[in-house]
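Source file: my_file_27.csv (CSV, C-alpha atoms)
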```csv
chain,number,residue,atom,x,y,z
A,1,GLY,CA,89.8,106.9,97.8
A,2,ALA,CA,87.3,107.5,100.6
A,3,VAL,CA,87.5,104.1,102.2
A,4,VAL,CA,86.0,103.5,105.6
A,5,SER,CA,86.8,100.3,107.5
A,6,GLN,CA,85.1,98.7,110.5
A,7,HIS,CA,86.4,96.2,113.0
A,8,PRO,CA,85.2,93.6,113.8
A,9,SER,CA,82.9,92.6,111.0
A,10,ARG,CA,81.1,90.1,113.2
A,11,VAL,CA,81.0,89.7,117.0
A,12,ILE,CA,79.2,87.5,119.3
A,13,CYS,CA,79.1,88.3,123.0
A,14,LYS,CA,77.3,87.2,126.1
A,15,SER,CA,74.6,89.3,127.7
A,16,GLY,CA,75.9,91.8,130.2
A,17,THR,CA,79.3,92.2,128.5
A,18,SER,CA,80.6,95.2,126.6
A,19,VAL,CA,81.6,95.3,123.0
A,20,LYS,CA,83.7,97.9,121.2
A,21,ILE,CA,83.4,98.6,117.4
A,22,GLU,CA,86.1,100.6,115.6
A,23,CYS,CA,85.5,102.8,112.6
A,24,ARG,CA,88.4,104.1,110.6
A,25,SER,CA,88.7,106.4,107.6
A,26,LEU,CA,91.7,104.9,105.8
A,27,ASP,CA,92.6,107.5,103.2
A,28,PHE,CA,91.1,110.7,104.4
A,29,GLN,CA,90.5,112.7,107.6
A,30,ALA,CA,87.0,112.7,108.8
A,31,THR,CA,86.0,115.5,111.1
A,32,THR,CA,82.5,114.1,111.4
A,33,MET,CA,81.6,110.4,111.7
A,34,PHE,CA,78.1,108.9,112.1
A,35,TRP,CA,76.9,105.7,113.7
A,36,TYR,CA,73.8,103.9,112.3
A,37,ARG,CA,71.9,100.9,113.3
A,38,GLN,CA,70.1,98.8,110.7
A,39,PHE,CA,67.4,96.1,111.4
A,40,PRO,CA,66.8,93.4,108.8
A,41,LYS,CA,65.2,94.7,105.7
A,42,LYS,CA,65.0,98.2,107.1
A,43,SER,CA,66.6,101.5,106.4
A,44,LEU,CA,69.4,103.0,108.3
A,45,MET,CA,68.6,104.6,111.7
A,46,LEU,CA,71.0,107.3,112.8
A,47,MET,CA,72.2,106.8,116.3
A,48,ALA,CA,74.7,109.6,116.8
A,49,THR,CA,76.9,112.1,115.2
A,50,SER,CA,80.5,112.4,116.5
A,51,ASN,CA,83.0,115.2,115.8
A,52,GLU,CA,86.6,114.8,116.5
A,53,GLY,CA,87.6,115.9,120.0
A,54,SER,CA,84.0,116.6,121.2
A,55,LYS,CA,81.1,114.8,122.7
A,56,ALA,CA,78.8,112.9,120.4
A,57,THR,CA,75.3,114.1,119.6
A,58,TYR,CA,72.8,111.4,120.1
A,59,GLU,CA,69.5,111.0,118.4
A,60,GLN,CA,66.3,111.0,120.4
A,61,GLY,CA,65.7,107.7,122.0
A,62,VAL,CA,69.3,106.5,121.9
A,63,GLU,CA,70.8,105.9,125.3
A,64,LYS,CA,74.1,107.7,125.5
A,65,ASP,CA,75.2,105.7,128.5
A,66,LYS,CA,74.6,102.4,126.7
A,67,PHE,CA,76.2,103.4,123.4
A,68,LEU,CA,79.4,105.1,124.2
A,69,ILE,CA,81.0,107.0,121.3
A,70,ASN,CA,84.6,108.2,121.2
A,71,HIS,CA,86.1,110.2,118.3
A,72,ALA,CA,89.6,110.6,119.5
A,73,SER,CA,91.2,111.4,116.2
A,74,LEU,CA,90.4,112.5,112.6
A,75,THR,CA,90.5,108.9,111.4
A,76,LEU,CA,89.1,106.8,114.3
A,77,SER,CA,85.7,106.7,116.0
A,78,THR,CA,84.6,103.9,118.4
A,79,LEU,CA,81.2,102.7,119.5
A,80,THR,CA,81.1,100.7,122.7
A,81,VAL,CA,77.9,98.8,123.5
A,82,THR,CA,77.9,98.5,127.3
A,83,SER,CA,76.1,95.8,129.2
A,84,ALA,CA,74.8,94.3,126.0
A,85,HIS,CA,71.5,92.5,125.8
A,86,PRO,CA,69.9,90.4,123.1
A,87,GLU,CA,67.8,93.3,121.9
A,88,ASP,CA,71.0,95.2,121.1
A,89,SER,CA,71.7,92.5,118.4
A,90,SER,CA,71.8,94.4,115.1
A,91,PHE,CA,73.9,95.5,112.2
A,92,TYR,CA,75.9,98.6,113.2
A,93,ILE,CA,77.3,100.8,110.4
A,94,CYS,CA,79.5,103.9,110.6
A,95,SER,CA,80.1,106.5,108.0
A,96,ALA,CA,82.4,109.5,107.6
A,97,ASN,CA,82.2,112.7,105.7
A,98,GLY,CA,84.3,112.4,102.6
A,99,LEU,CA,86.8,114.5,100.6
A,100,ALA,CA,84.9,116.4,97.9
A,101,GLY,CA,82.4,118.3,100.0
A,102,LYS,CA,80.8,118.5,103.3
A,103,TYR,CA,77.8,116.3,102.4
A,104,GLU,CA,79.4,113.2,101.0
A,105,GLN,CA,79.2,110.3,103.4
A,106,TYR,CA,81.1,107.1,102.9
A,107,PHE,CA,80.1,104.0,104.8
A,108,GLY,CA,82.0,101.2,106.5
A,109,PRO,CA,81.2,97.6,105.8
A,110,GLY,CA,79.2,97.2,109.0
A,111,THR,CA,79.5,95.1,112.1
A,112,ARG,CA,77.1,92.3,112.9
A,113,LEU,CA,76.6,92.1,116.7
A,114,THR,CA,74.9,89.1,118.2
A,115,VAL,CA,74.2,89.1,121.9
A,116,THR,CA,73.5,85.7,123.4
B,1,GLN,CA,57.5,112.2,110.0
B,2,GLN,CA,59.1,110.5,107.0
B,3,GLN,CA,60.8,113.3,105.1
B,4,VAL,CA,61.9,111.1,102.1
B,5,LYS,CA,59.4,108.8,100.6
B,6,GLN,CA,60.8,106.0,98.4
B,7,SER,CA,59.0,103.7,96.0
B,8,PRO,CA,58.5,101.0,95.0
B,9,GLN,CA,59.5,98.9,98.0
B,10,SER,CA,60.6,96.1,95.7
B,11,LEU,CA,61.2,95.8,92.0
B,12,ILE,CA,61.8,92.9,89.6
B,13,VAL,CA,63.3,93.7,86.3
B,14,GLN,CA,64.4,91.6,83.4
B,15,LYS,CA,68.1,91.6,82.5
B,16,GLY,CA,68.7,94.4,80.0
B,17,GLY,CA,65.7,96.4,81.1
B,18,ILE,CA,65.5,99.7,82.9
B,19,SER,CA,65.1,99.9,86.6
B,20,ILE,CA,63.4,103.1,88.0
B,21,ILE,CA,63.2,104.0,91.6
B,22,ASN,CA,61.5,107.2,92.8
B,23,CYS,CA,61.9,109.4,95.8
B,24,ALA,CA,60.0,112.5,97.0
B,25,TYR,CA,61.1,114.9,99.7
B,26,GLU,CA,59.3,117.5,101.7
B,27,ASN,CA,62.1,119.7,103.2
B,28,THR,CA,62.9,122.5,100.8
B,29,ALA,CA,66.2,123.0,102.6
B,30,PHE,CA,67.6,119.8,101.2
B,31,ASP,CA,70.2,120.5,98.6
B,32,TYR,CA,72.1,117.2,98.2
B,33,PHE,CA,70.5,114.0,97.0
B,34,PRO,CA,72.7,110.8,97.0
B,35,TRP,CA,71.8,107.2,96.1
B,36,TYR,CA,73.3,104.3,97.9
B,37,GLN,CA,73.5,100.7,96.9
B,38,GLN,CA,73.6,98.0,99.6
B,39,PHE,CA,74.3,94.3,99.2
B,40,PRO,CA,73.2,91.9,102.0
B,41,GLY,CA,75.6,92.0,104.9
B,42,LYS,CA,77.5,95.0,103.6
B,43,GLY,CA,77.5,98.7,104.2
B,44,PRO,CA,75.9,101.1,101.8
B,45,ALA,CA,78.0,102.3,98.9
B,46,LEU,CA,77.6,105.8,97.4
B,47,LEU,CA,76.4,105.3,93.9
B,48,ILE,CA,75.7,108.7,92.5
B,49,ALA,CA,74.5,112.0,93.8
B,50,ILE,CA,73.0,115.2,92.5
B,51,ARG,CA,72.5,118.8,93.7
B,52,PRO,CA,69.4,120.8,92.7
B,53,ASP,CA,71.2,123.1,90.3
B,54,VAL,CA,71.0,120.4,87.6
B,55,SER,CA,68.1,118.3,86.4
B,56,GLU,CA,70.0,115.2,85.5
B,57,LYS,CA,73.3,113.5,86.2
B,58,LYS,CA,74.6,110.4,84.5
B,59,GLU,CA,77.4,108.1,85.5
B,60,GLY,CA,77.7,105.0,83.3
B,61,ARG,CA,74.4,103.1,83.4
B,62,PHE,CA,73.1,105.1,86.4
B,63,THR,CA,71.2,108.3,85.9
B,64,ILE,CA,69.6,110.6,88.5
B,65,SER,CA,66.7,112.8,87.3
B,66,PHE,CA,65.8,115.7,89.5
B,67,ASN,CA,62.6,117.8,89.5
B,68,LYS,CA,63.0,120.6,92.0
B,69,SER,CA,59.5,122.0,91.6
B,70,ALA,CA,57.9,118.6,92.2
B,71,LYS,CA,60.4,117.8,95.0
B,72,GLN,CA,61.1,114.5,93.4
B,73,PHE,CA,64.1,112.6,92.2
B,74,SER,CA,64.6,109.2,90.6
B,75,LEU,CA,67.3,106.7,89.9
B,76,HIS,CA,67.4,105.0,86.5
B,77,ILE,CA,69.5,101.9,85.9
B,78,MET,CA,69.9,101.2,82.2
B,79,ASP,CA,70.7,97.8,80.9
B,80,SER,CA,70.1,96.3,84.3
B,81,GLN,CA,72.2,93.3,85.2
B,82,PRO,CA,71.8,90.5,87.7
B,83,GLY,CA,74.8,92.0,89.6
B,84,ASP,CA,72.7,95.1,90.1
B,85,SER,CA,70.4,93.1,92.4
B,86,ALA,CA,70.7,94.9,95.7
B,87,THR,CA,68.8,97.3,98.0
B,88,TYR,CA,68.9,100.9,96.9
B,89,PHE,CA,68.4,103.8,99.3
B,90,CYS,CA,67.8,107.4,98.3
B,91,ALA,CA,68.7,110.1,100.7
B,92,ALA,CA,68.6,113.8,101.1
B,93,THR,CA,70.3,116.4,103.3
B,94,GLY,CA,70.8,120.1,103.8
B,95,SER,CA,73.5,119.6,106.4
B,96,TYR,CA,75.8,116.8,107.6
B,97,GLN,CA,73.0,114.4,108.4
B,98,LEU,CA,71.4,112.2,105.8
B,99,THR,CA,67.7,111.4,105.7
B,100,PHE,CA,67.1,108.1,104.1
B,101,GLY,CA,64.2,106.6,102.2
B,102,LYS,CA,63.0,103.2,103.3
B,103,GLY,CA,64.8,101.4,100.5
B,104,THR,CA,64.0,99.5,97.3
B,105,LYS,CA,65.0,95.9,96.9
B,106,LEU,CA,65.8,95.4,93.2
B,107,SER,CA,66.0,91.9,91.7
B,108,VAL,CA,67.3,91.6,88.1
B,109,ILE,CA,66.3,88.2,86.6
B,110,PRO,CA,68.1,86.6,83.7
```
Turn the structure described in the file into structure tokens.
Amino acid sequence: GAVVSQHPSRVICKSGTSVKIECRSLDFQATTMFWYRQFPKKSLMLMATSNEGSKATYEQGVEKDKFLINHASLTLSTLTVTSAHPEDSSFYICSANGLAGKYEQYFGPGTRLTVT
Amino acid sequence: QQQVKQSPQSLIVQKGGISIINCAYENTAFDYFPWYQQFPGKGPALLIAIRPDVSEKKEGRFTISFNKSAKQFSLHIMDSQPGDSATYFCAATGSYQLTFGKGTKLSVIP
């Protein structure tokens, strides 16, 4: 149980285009999902917290107009990187609150974004 | 301000040995302390977690020791195997958001 999937696993896009990353909780309903960014050999940096049916809460320094988050259902959240630039290249990981209690977070496998 | 300090940054252990990773926190409101294991190119996987009402939790070869008064907790990996080679992150929370340590890269050599 508590499986989270992400799609795509890897994506390469040209500078100026937009990319959408999907995060799904496969076997549980997730009222809260989180989006992280991870640089090589670094820890996870929380970008935003999204609750189903409401606007995402962004961390300080994260551009909400650039990283659009939609949490339309209890099993799906999407992150859209708009007008991507090479500096947006990174490993993006989502997570969702699990079944047993409100604190358990289960992570997706991550999406490697490369902007050329 | 880093609220969870993790050490060491890297660790090399012989196969069969004990791997020990330590974390210290500052926020006394934290009441849930998970450990995550991450392989290169993969998302973190929840390994084991503890709440402050117990001082130790064991799951297989993995044990968390928790010292509430010292605000410290540690992960012990018994009989370490090459397959345990990964980056380990401690975390802490008192709400929905996790605060992560900076990670420890563990290498288990044959």
Could you list, as a PyMOL selection string, the residues of chain A having an atom within 9 Å of chain B when counting only C-alpha atoms?
chain A and resi 32+34+41-46+49+91+93-94+97+102-112
Shell around Lys55 (chain A) at 12 Å using only C-alpha atoms, local window under 6 positions removed, as a PyMOL selection string:
chain A and resi 32-33+48-49+64+68-72+77
Point-to-point distance in Å for CA of Thr31 (chain A) and CA of Glu52 (chain A)
5.5 Å
Could you check how far CA of Ile20 (chain B) sits from CA of Arg37 (chain A), in Å to one decimal?
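Result for CA of Ile20 (chain B) versus CA of Arg37 (chain A): 26.8 Å, one decimal.
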One decimal, in Å: what's the spacing between CA of Ser9 (chain A) and CA of Val115 (chain A)?
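Atom-to-atom, CA of Ser9 (chain A) and CA of Val115 (chain A) are spaced 14.4 Å apart.
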Would you please work out which residue, of A:Thr57, A:Gln38, A:Thr75, A:Thr82, is nearest to Leu26 (chain A) when using only C-alpha atoms?
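Smallest separation from Leu26 (chain A) among the options: A:Thr75.
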Expected file content for region 2-27 of chain B, N, CA and C atoms, as a PDB file, in the first residue's frame:
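Dumped to decode.pdb:
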```
ATOM      1  N   GLN B   2      18.738  25.858  10.009  1.00  0.00           N
ATOM      2  CA  GLN B   2      18.519  24.442   9.822  1.00  0.00           C
ATOM      3  C   GLN B   2      17.984  23.861  11.106  1.00  0.00           C
ATOM      4  N   GLN B   3      16.825  23.288  11.062  1.00  0.00           N
ATOM      5  CA  GLN B   3      16.185  22.800  12.270  1.00  0.00           C
ATOM      6  C   GLN B   3      16.509  21.347  12.555  1.00  0.00           C
ATOM      7  N   VAL B   4      17.042  20.629  11.573  1.00  0.00           N
ATOM      8  CA  VAL B   4      17.445  19.242  11.779  1.00  0.00           C
ATOM      9  C   VAL B   4      18.870  19.084  11.255  1.00  0.00           C
ATOM     10  N   LYS B   5      19.770  18.773  12.161  1.00  0.00           N
ATOM     11  CA  LYS B   5      21.173  18.611  11.798  1.00  0.00           C
ATOM     12  C   LYS B   5      21.511  17.137  11.729  1.00  0.00           C
ATOM     13  N   GLN B   6      22.084  16.728  10.617  1.00  0.00           N
ATOM     14  CA  GLN B   6      22.363  15.318  10.377  1.00  0.00           C
ATOM     15  C   GLN B   6      23.851  15.107  10.184  1.00  0.00           C
ATOM     16  N   SER B   7      24.346  14.020  10.767  1.00  0.00           N
ATOM     17  CA  SER B   7      25.763  13.684  10.616  1.00  0.00           C
ATOM     18  C   SER B   7      25.944  12.165  10.670  1.00  0.00           C
ATOM     19  N   PRO B   8      26.988  11.635  10.048  1.00  0.00           N
ATOM     20  CA  PRO B   8      27.944  12.351   9.214  1.00  0.00           C
ATOM     21  C   PRO B   8      27.386  12.618   7.821  1.00  0.00           C
ATOM     22  N   GLN B   9      28.092  13.349   7.035  1.00  0.00           N
ATOM     23  CA  GLN B   9      27.683  13.642   5.663  1.00  0.00           C
ATOM     24  C   GLN B   9      27.859  12.412   4.790  1.00  0.00           C
ATOM     25  N   SER B  10      28.911  11.641   5.082  1.00  0.00           N
ATOM     26  CA  SER B  10      29.133  10.390   4.361  1.00  0.00           C
ATOM     27  C   SER B  10      29.693   9.363   5.324  1.00  0.00           C
ATOM     28  N   LEU B  11      29.492   8.099   4.981  1.00  0.00           N
ATOM     29  CA  LEU B  11      29.840   7.015   5.884  1.00  0.00           C
ATOM     30  C   LEU B  11      30.209   5.790   5.060  1.00  0.00           C
ATOM     31  N   ILE B  12      31.326   5.203   5.397  1.00  0.00           N
ATOM     32  CA  ILE B  12      31.751   3.968   4.744  1.00  0.00           C
ATOM     33  C   ILE B  12      31.820   2.880   5.800  1.00  0.00           C
ATOM     34  N   VAL B  13      31.126   1.783   5.540  1.00  0.00           N
ATOM     35  CA  VAL B  13      31.034   0.694   6.505  1.00  0.00           C
ATOM     36  C   VAL B  13      31.333  -0.623   5.792  1.00  0.00           C
ATOM     37  N   GLN B  14      32.009  -1.491   6.498  1.00  0.00           N
ATOM     38  CA  GLN B  14      32.265  -2.818   5.961  1.00  0.00           C
ATOM     39  C   GLN B  14      30.992  -3.660   6.005  1.00  0.00           C
ATOM     40  N   LYS B  15      30.860  -4.533   5.040  1.00  0.00           N
ATOM     41  CA  LYS B  15      29.730  -5.462   5.028  1.00  0.00           C
ATOM     42  C   LYS B  15      29.671  -6.218   6.356  1.00  0.00           C
ATOM     43  N   GLY B  16      28.457  -6.271   6.922  1.00  0.00           N
ATOM     44  CA  GLY B  16      28.279  -6.933   8.200  1.00  0.00           C
ATOM     45  C   GLY B  16      28.416  -6.020   9.399  1.00  0.00           C
ATOM     46  N   GLY B  17      28.904  -4.831   9.176  1.00  0.00           N
ATOM     47  CA  GLY B  17      29.095  -3.879  10.269  1.00  0.00           C
ATOM     48  C   GLY B  17      27.816  -3.111  10.605  1.00  0.00           C
ATOM     49  N   ILE B  18      27.933  -2.224  11.567  1.00  0.00           N
ATOM     50  CA  ILE B  18      26.798  -1.400  11.997  1.00  0.00           C
ATOM     51  C   ILE B  18      26.984   0.015  11.457  1.00  0.00           C
ATOM     52  N   SER B  19      25.961   0.506  10.794  1.00  0.00           N
ATOM     53  CA  SER B  19      25.965   1.881  10.299  1.00  0.00           C
ATOM     54  C   SER B  19      25.148   2.723  11.274  1.00  0.00           C
ATOM     55  N   ILE B  20      25.705   3.864  11.670  1.00  0.00           N
ATOM     56  CA  ILE B  20      25.014   4.738  12.616  1.00  0.00           C
ATOM     57  C   ILE B  20      24.973   6.154  12.061  1.00  0.00           C
ATOM     58  N   ILE B  21      23.781   6.693  11.967  1.00  0.00           N
ATOM     59  CA  ILE B  21      23.577   8.059  11.472  1.00  0.00           C
ATOM     60  C   ILE B  21      22.811   8.825  12.550  1.00  0.00           C
ATOM     61  N   ASN B  22      23.272  10.022  12.814  1.00  0.00           N
ATOM     62  CA  ASN B  22      22.711  10.799  13.910  1.00  0.00           C
ATOM     63  C   ASN B  22      22.012  12.067  13.429  1.00  0.00           C
ATOM     64  N   CYS B  23      20.962  12.429  14.143  1.00  0.00           N
ATOM     65  CA  CYS B  23      20.259  13.673  13.851  1.00  0.00           C
ATOM     66  C   CYS B  23      19.908  14.380  15.149  1.00  0.00           C
ATOM     67  N   ALA B  24      19.918  15.693  15.099  1.00  0.00           N
ATOM     68  CA  ALA B  24      19.542  16.514  16.240  1.00  0.00           C
ATOM     69  C   ALA B  24      18.550  17.563  15.774  1.00  0.00           C
ATOM     70  N   TYR B  25      17.585  17.844  16.595  1.00  0.00           N
ATOM     71  CA  TYR B  25      16.579  18.828  16.213  1.00  0.00           C
ATOM     72  C   TYR B  25      16.482  19.912  17.271  1.00  0.00           C
ATOM     73  N   GLU B  26      15.856  21.007  16.888  1.00  0.00           N
ATOM     74  CA  GLU B  26      15.756  22.151  17.788  1.00  0.00           C
ATOM     75  C   GLU B  26      14.317  22.427  18.230  1.00  0.00           C
ATOM     76  N   ASN B  27      13.393  22.152  17.333  1.00  0.00           N
ATOM     77  CA  ASN B  27      12.002  22.519  17.588  1.00  0.00           C
ATOM     78  C   ASN B  27      11.325  21.489  18.492  1.00  0.00           C
TER      79      ASN B  27
END
```
